[in-house]
file protein31.cif (mmCIF, C-alpha atoms)
data_entry
loop_
_atom_site.label_atom_id
_atom_site.label_comp_id
_atom_site.auth_asym_id
_atom_site.auth_seq_id
_atom_site.Cartn_x
_atom_site.Cartn_y
_atom_site.Cartn_z
CA MET A 28 0.00 0.00 0.00
CA ASP A 29 2.79 2.40 0.90
CA LEU A 30 4.82 1.78 -2.24
CA VAL A 31 1.79 1.89 -4.53
CA SER A 32 0.76 5.19 -2.93
CA LEU A 33 4.22 6.64 -3.50
CA ALA A 34 4.38 5.41 -7.09
CA ALA A 35 0.98 6.97 -7.76
CA GLY A 36 1.84 10.22 -5.97
CA TYR A 37 -0.94 9.63 -3.42
CA GLY A 38 0.44 11.37 -0.34
CA THR A 39 -2.47 10.50 1.95
CA GLY A 40 -1.98 6.79 1.34
CA HIS A 41 1.72 7.07 2.19
CA THR A 42 0.96 9.02 5.36
CA ALA A 43 -1.53 6.35 6.45
CA ALA A 44 0.56 3.30 5.52
CA LYS A 45 4.08 4.31 6.55
CA PRO A 46 3.44 4.29 10.34
CA LEU A 47 2.09 0.72 10.08
CA LEU A 48 5.17 -0.83 8.46
CA MET A 49 7.55 -1.29 11.36
CA PRO A 50 4.93 -2.23 14.01
CA LEU A 51 3.73 -5.02 11.69
CA LEU A 52 7.29 -6.19 11.09
CA ALA A 53 8.01 -6.03 14.82
CA LEU A 54 4.92 -8.13 15.52
CA TYR A 55 6.03 -10.63 12.88
CA ALA A 56 9.50 -10.82 14.43
CA ARG A 57 8.08 -11.33 17.91
CA VAL A 58 5.68 -14.07 16.78
CA CYS A 59 8.66 -15.78 15.12
CA GLY A 60 10.39 -15.81 18.51
CA GLY A 61 12.68 -12.88 17.75
CA PRO A 62 14.67 -11.28 20.58
CA ARG A 63 13.53 -8.10 22.27
CA LEU A 64 16.44 -6.11 20.86
CA LEU A 65 15.18 -6.84 17.36
CA VAL A 66 11.71 -5.63 18.28
CA ALA A 67 13.25 -2.53 19.89
CA ALA A 68 15.34 -1.79 16.77
CA LEU A 69 12.25 -2.01 14.56
CA LEU A 70 10.19 0.17 16.90
CA PHE A 71 12.91 2.82 16.95
CA GLY A 72 12.68 2.64 13.16
CA TRP A 73 8.95 3.24 13.51
CA GLY A 74 9.69 6.35 15.58
CA GLY A 75 11.97 7.64 12.85
CA ASP A 76 9.39 6.86 10.18
CA VAL A 77 6.70 8.88 11.94
CA LEU A 78 8.96 11.83 12.74
CA LEU A 79 10.20 12.08 9.14
CA LEU A 80 6.62 12.56 7.98
CA PHE A 81 6.90 16.10 9.37
CA ASP A 82 8.71 18.54 7.11
CA ALA A 83 10.67 20.38 9.79
CA GLU A 84 14.30 20.33 10.87
CA PRO A 85 13.61 19.47 14.56
CA ALA A 86 11.54 16.48 13.43
CA PHE A 87 14.32 15.43 11.03
CA LEU A 88 16.91 15.53 13.83
CA ALA A 89 14.61 13.66 16.22
CA GLY A 90 13.92 11.06 13.54
CA MET A 91 17.63 10.64 12.90
CA ALA A 92 18.17 10.15 16.65
CA SER A 93 15.46 7.48 16.73
CA PHE A 94 17.06 5.62 13.84
CA ALA A 95 20.44 5.96 15.56
CA ALA A 96 19.01 4.28 18.67
CA GLY A 97 17.76 1.49 16.42
CA HIS A 98 21.25 1.03 14.97
CA VAL A 99 22.68 0.72 18.50
CA CYS A 100 20.11 -2.00 19.18
CA TYR A 101 21.15 -3.77 15.97
CA LEU A 102 24.84 -3.60 16.89
CA LEU A 103 24.17 -5.15 20.31
CA LEU A 104 21.88 -7.68 18.69
CA PHE A 105 24.41 -8.77 16.05
CA ARG A 106 26.97 -9.43 18.76
CA GLN A 107 24.54 -11.46 20.87
CA THR A 108 23.08 -13.36 17.93
CA THR A 109 26.47 -14.36 16.56
CA ALA A 110 27.48 -15.72 19.97
CA LEU A 111 24.19 -17.54 20.57
CA ALA A 112 24.12 -19.08 17.10
CA GLY A 113 27.68 -20.32 17.47
CA LYS A 114 28.59 -18.84 14.10
CA ARG A 115 32.21 -19.10 13.10
CA PRO A 116 33.79 -15.67 12.65
CA PRO A 117 34.53 -14.63 9.05
CA ARG A 118 38.06 -15.13 7.81
CA ALA A 119 40.37 -12.26 8.66
CA ARG A 120 40.95 -11.30 5.01
CA ALA A 121 37.21 -11.13 4.22
CA THR A 122 36.55 -9.12 7.39
CA TRP A 123 39.35 -6.70 6.57
CA LEU A 124 38.16 -6.18 3.00
CA THR A 125 34.59 -5.58 4.14
CA ALA A 126 35.76 -3.05 6.72
CA VAL A 127 37.85 -1.20 4.14
CA ALA A 128 34.96 -1.14 1.65
CA TYR A 129 32.56 0.32 4.20
CA ALA A 130 35.14 2.83 5.44
CA LEU A 131 35.71 4.05 1.88
CA ALA A 132 31.96 4.27 1.30
CA LEU A 133 31.55 6.32 4.49
CA VAL A 134 34.38 8.77 3.77
CA THR A 135 33.41 9.22 0.13
CA THR A 136 29.72 9.75 0.85
CA VAL A 137 30.27 12.26 3.66
CA ALA A 138 32.91 14.15 1.65
CA LEU A 139 30.62 14.46 -1.38
CA LEU A 140 27.54 15.44 0.62
CA TRP A 141 29.26 17.80 3.06
CA PRO A 142 29.26 20.99 0.91
CA GLY A 143 25.54 20.70 0.12
CA LEU A 144 24.34 19.95 3.65
CA PRO A 145 23.03 22.79 5.85
CA ALA A 146 25.81 23.88 8.19
CA ASP A 147 23.86 23.01 11.33
CA LEU A 148 23.24 19.44 10.10
CA ARG A 149 26.73 18.50 8.91
CA VAL A 150 28.12 17.15 12.17
CA SER A 151 24.90 15.31 13.02
CA VAL A 152 24.71 13.69 9.59
CA ALA A 153 28.38 12.68 9.72
CA GLY A 154 27.98 11.13 13.17
CA TYR A 155 24.84 9.30 12.14
CA SER A 156 26.57 8.06 8.98
CA LEU A 157 29.39 6.60 11.07
CA LEU A 158 26.90 4.70 13.26
CA LEU A 159 24.94 3.53 10.22
CA THR A 160 28.11 2.24 8.57
CA ALA A 161 29.09 0.37 11.74
CA MET A 162 25.65 -1.25 11.77
CA ALA A 163 25.94 -2.27 8.11
CA TYR A 164 29.39 -3.74 8.72
CA GLY A 165 28.09 -5.69 11.73
CA ALA A 166 25.20 -6.98 9.64
CA ALA A 167 27.60 -8.23 6.96
CA ARG A 168 29.40 -10.29 9.59
CA LEU A 169 26.12 -11.93 10.61
CA GLY A 170 25.26 -13.43 7.23
CA LEU A 171 24.14 -12.77 3.66
CA LEU A 172 20.55 -11.66 4.33
CA ALA A 173 21.49 -9.30 7.13
CA GLY A 174 24.46 -8.05 5.10
CA ILE A 175 22.25 -7.12 2.15
CA GLY A 176 19.83 -5.50 4.58
CA GLY A 177 22.57 -3.36 6.09
CA ALA A 178 23.80 -2.26 2.65
CA LEU A 179 20.27 -1.35 1.57
CA PHE A 180 19.78 0.67 4.77
CA MET A 181 22.88 2.67 3.87
CA LEU A 182 21.56 3.19 0.35
CA SER A 183 18.16 4.32 1.58
CA ASP A 184 19.61 6.85 4.04
CA THR A 185 22.09 8.08 1.45
CA LEU A 186 19.16 8.82 -0.87
CA ILE A 187 17.58 10.86 1.93
CA ALA A 188 20.85 12.73 2.47
CA THR A 189 21.16 13.59 -1.21
CA GLY A 190 17.74 15.20 -1.00
CA VAL A 191 18.79 17.23 2.05
CA ALA A 192 21.93 18.28 0.15
CA GLU A 193 19.71 19.29 -2.79
CA TRP A 194 21.26 16.93 -5.29
CA PRO A 195 19.28 16.06 -8.45
CA GLN A 196 16.76 13.36 -7.60
CA LEU A 197 15.26 10.36 -9.37
CA PRO A 198 11.57 10.58 -10.30
CA ARG A 199 9.45 9.73 -7.22
CA PRO A 200 12.46 9.85 -4.86
CA ASP A 201 10.39 8.80 -1.83
CA PHE A 202 9.49 5.56 -3.62
CA TRP A 203 13.16 4.56 -3.97
CA ILE A 204 13.88 5.59 -0.39
CA MET A 205 11.04 3.48 0.97
CA ILE A 206 11.51 0.40 -1.20
CA THR A 207 15.16 0.12 -0.15
CA TYR A 208 14.27 0.87 3.48
CA ILE A 209 11.45 -1.68 3.68
CA ALA A 210 13.67 -4.34 2.10
CA ALA A 211 16.51 -3.41 4.46
CA GLN A 212 14.48 -3.77 7.64
CA TYR A 213 12.88 -7.03 6.49
CA LEU A 214 16.21 -8.58 5.50
CA LEU A 215 17.83 -7.48 8.76
CA ALA A 216 14.97 -9.06 10.70
CA ARG A 217 15.12 -12.28 8.67
CA GLY A 218 18.89 -12.40 9.00
CA VAL A 219 18.69 -12.16 12.79
CA LEU A 220 15.89 -14.71 13.01
CA GLY A 221 17.73 -17.12 10.75
CA ALA A 222 21.04 -16.76 12.58
CA ALA A 223 19.34 -17.34 15.92
CA GLY A 224 17.55 -20.41 14.56
CA ALA A 225 14.11 -18.85 15.13
CA GLN A 226 11.25 -20.30 13.11
CA SER A 227 7.74 -19.06 12.44
CA VAL A 228 5.04 -20.74 14.49
CA PRO A 229 1.25 -20.58 14.17
CA PRO A 230 -0.41 -17.96 16.42
CA ALA A 231 -2.12 -20.65 18.54
CA THR A 232 1.20 -22.39 19.22
CA TYR A 233 2.76 -19.07 20.11
CA ARG A 234 -0.05 -18.32 22.58
CA GLU A 235 0.32 -21.75 24.13
CA ARG A 236 4.04 -21.19 24.57
CA ARG A 237 3.42 -17.81 26.18
CA THR A 238 0.90 -19.41 28.55
CA LEU A 239 3.38 -22.10 29.58
CA THR A 240 6.18 -19.60 30.19
CA THR A 241 3.97 -17.37 32.32
#

call {"tool": "encode", "arguments": {"input": "protein31.cif", "output": "structure tokens"}}
result
Amino acid sequence: MDLVSLAAGYGTGHTAAKPLLMPLLALYARVCGGPRLLVAALLFGWGGDVLLLFDAEPAFLAGMASFAAGHVCYLLLFRQTTALAGKRPPRARATWLTAVAYALALVTTVALLWPGLPADLRVSVAGYSLLLTAMAYGAARLGLLAGIGGALFMLSDTLIATGVAEWPQLPRPDFWIMITYIAAQYLLARGVLGAAGAQSVPPATYRERRTLTT
């Protein structure tokens, strides 16, 4: 509904659908047995989604802070999930190459965007970009799905930043921002659930399990 609304230029549909995305994904993750940090990361994403609906700088900064809190949750979650799943760490060479690639992407993106960003947003955007890049790197270490999700999250937020810096935009820029963002959050959630060995269960079974644990 959200993507169709954006493709059709129907702003009311986007405004109605966007705040539902992350709560539904968080509910899905919880029903699948996902950890609380995953639910928290998605709900912080929901906070950012809602705040970015308002076209004002304070709302933009608050939304960026909410997303940043979500990235912190993801970083903690990746560390816990890797340990719990007993995943073997990536080979040193692959880890080093991934780190270099993300570091180059961070420095290049910030350097190119810096002149076009409003002066009072430059430091905040640079700090957020560093945290986002760390999250994407951590996701790559978790597995393929999470790694793609982290990369797409970087792409989505970079598209937002190019708009703030007043770069030329693709037609329907919000559509491309949202399609990469939705895919990113879903793949991150699936990557965490898969690494932790969580499996979907029918609602009745989930309720029974909750009853037994309480």

call {"tool": "resolve_selection", "arguments": {"input": "protein31.cif", "expression": "the PyMOL selection byres ((chain A and resi 31-40) around 10)", "output": "VMD selection string"}}
result
chain A and resid 28 to 30 41 to 45 198 to 203 205 to 206

call {"tool": "residues_near_point", "arguments": {"input": "protein31.cif", "point": "(28.8, -0.3, 14.6)", "cutoff": "12 Å", "atoms": "only C-alpha atoms", "output": "ChimeraX atom specification"}}
result
/A:95-106,126,129-130,154-168,177

call {"tool": "resolve_selection", "arguments": {"input": "protein31.cif", "expression": "the PyMOL selection byres ((chain A and resi 211-213) around 9)", "output": "VMD selection string"}}
result
chain A and resid 49 52 69 72 173 175 to 181 183 206 to 210 214 to 218

call {"tool": "resolve_selection", "arguments": {"input": "protein31.cif", "expression": "the PyMOL selection byres ((chain A and resi 56) around 9)", "output": "PyMOL selection string"}}
result
chain A and resi 51-55+57-62+65-66+216-217+220+227

call {"tool": "closest_residue", "arguments": {"input": "protein31.cif", "among": "A:Arg63, A:Leu70, A:Val191, A:Val137", "to": "Pro50 (chain A)", "atoms": "all atoms listed in the file"}}
result
A:Leu70

call {"tool": "atom_distance", "arguments": {"input": "protein31.cif", "atom1": "CA of Phe71 (chain A)", "atom2": "CA of Trp194 (chain A)"}}
result
27.6 Å

call {"tool": "closest_residue", "arguments": {"input": "protein31.cif", "among": "A:Leu169, A:Ile204, A:Glu193, A:Met91", "to": "Trp141 (chain A)", "atoms": "only C-alpha atoms"}}
result
A:Glu193

call {"tool": "atom_distance", "arguments": {"input": "protein31.cif", "atom1": "CA of Asp76 (chain A)", "atom2": "CA of Leu186 (chain A)"}}
result
14.9 Å

call {"tool": "atom_distance", "arguments": {"input": "protein31.cif", "atom1": "CA of Gln196 (chain A)", "atom2": "CA of Ala68 (chain A)"}}
result
28.7 Å

call {"tool": "closest_residue", "arguments": {"input": "protein31.cif", "among": "A:Leu140, A:Ala67, A:Leu148, A:Val219", "to": "Thr185 (chain A)", "atoms": "all atoms listed in the file"}}
result
A:Leu140
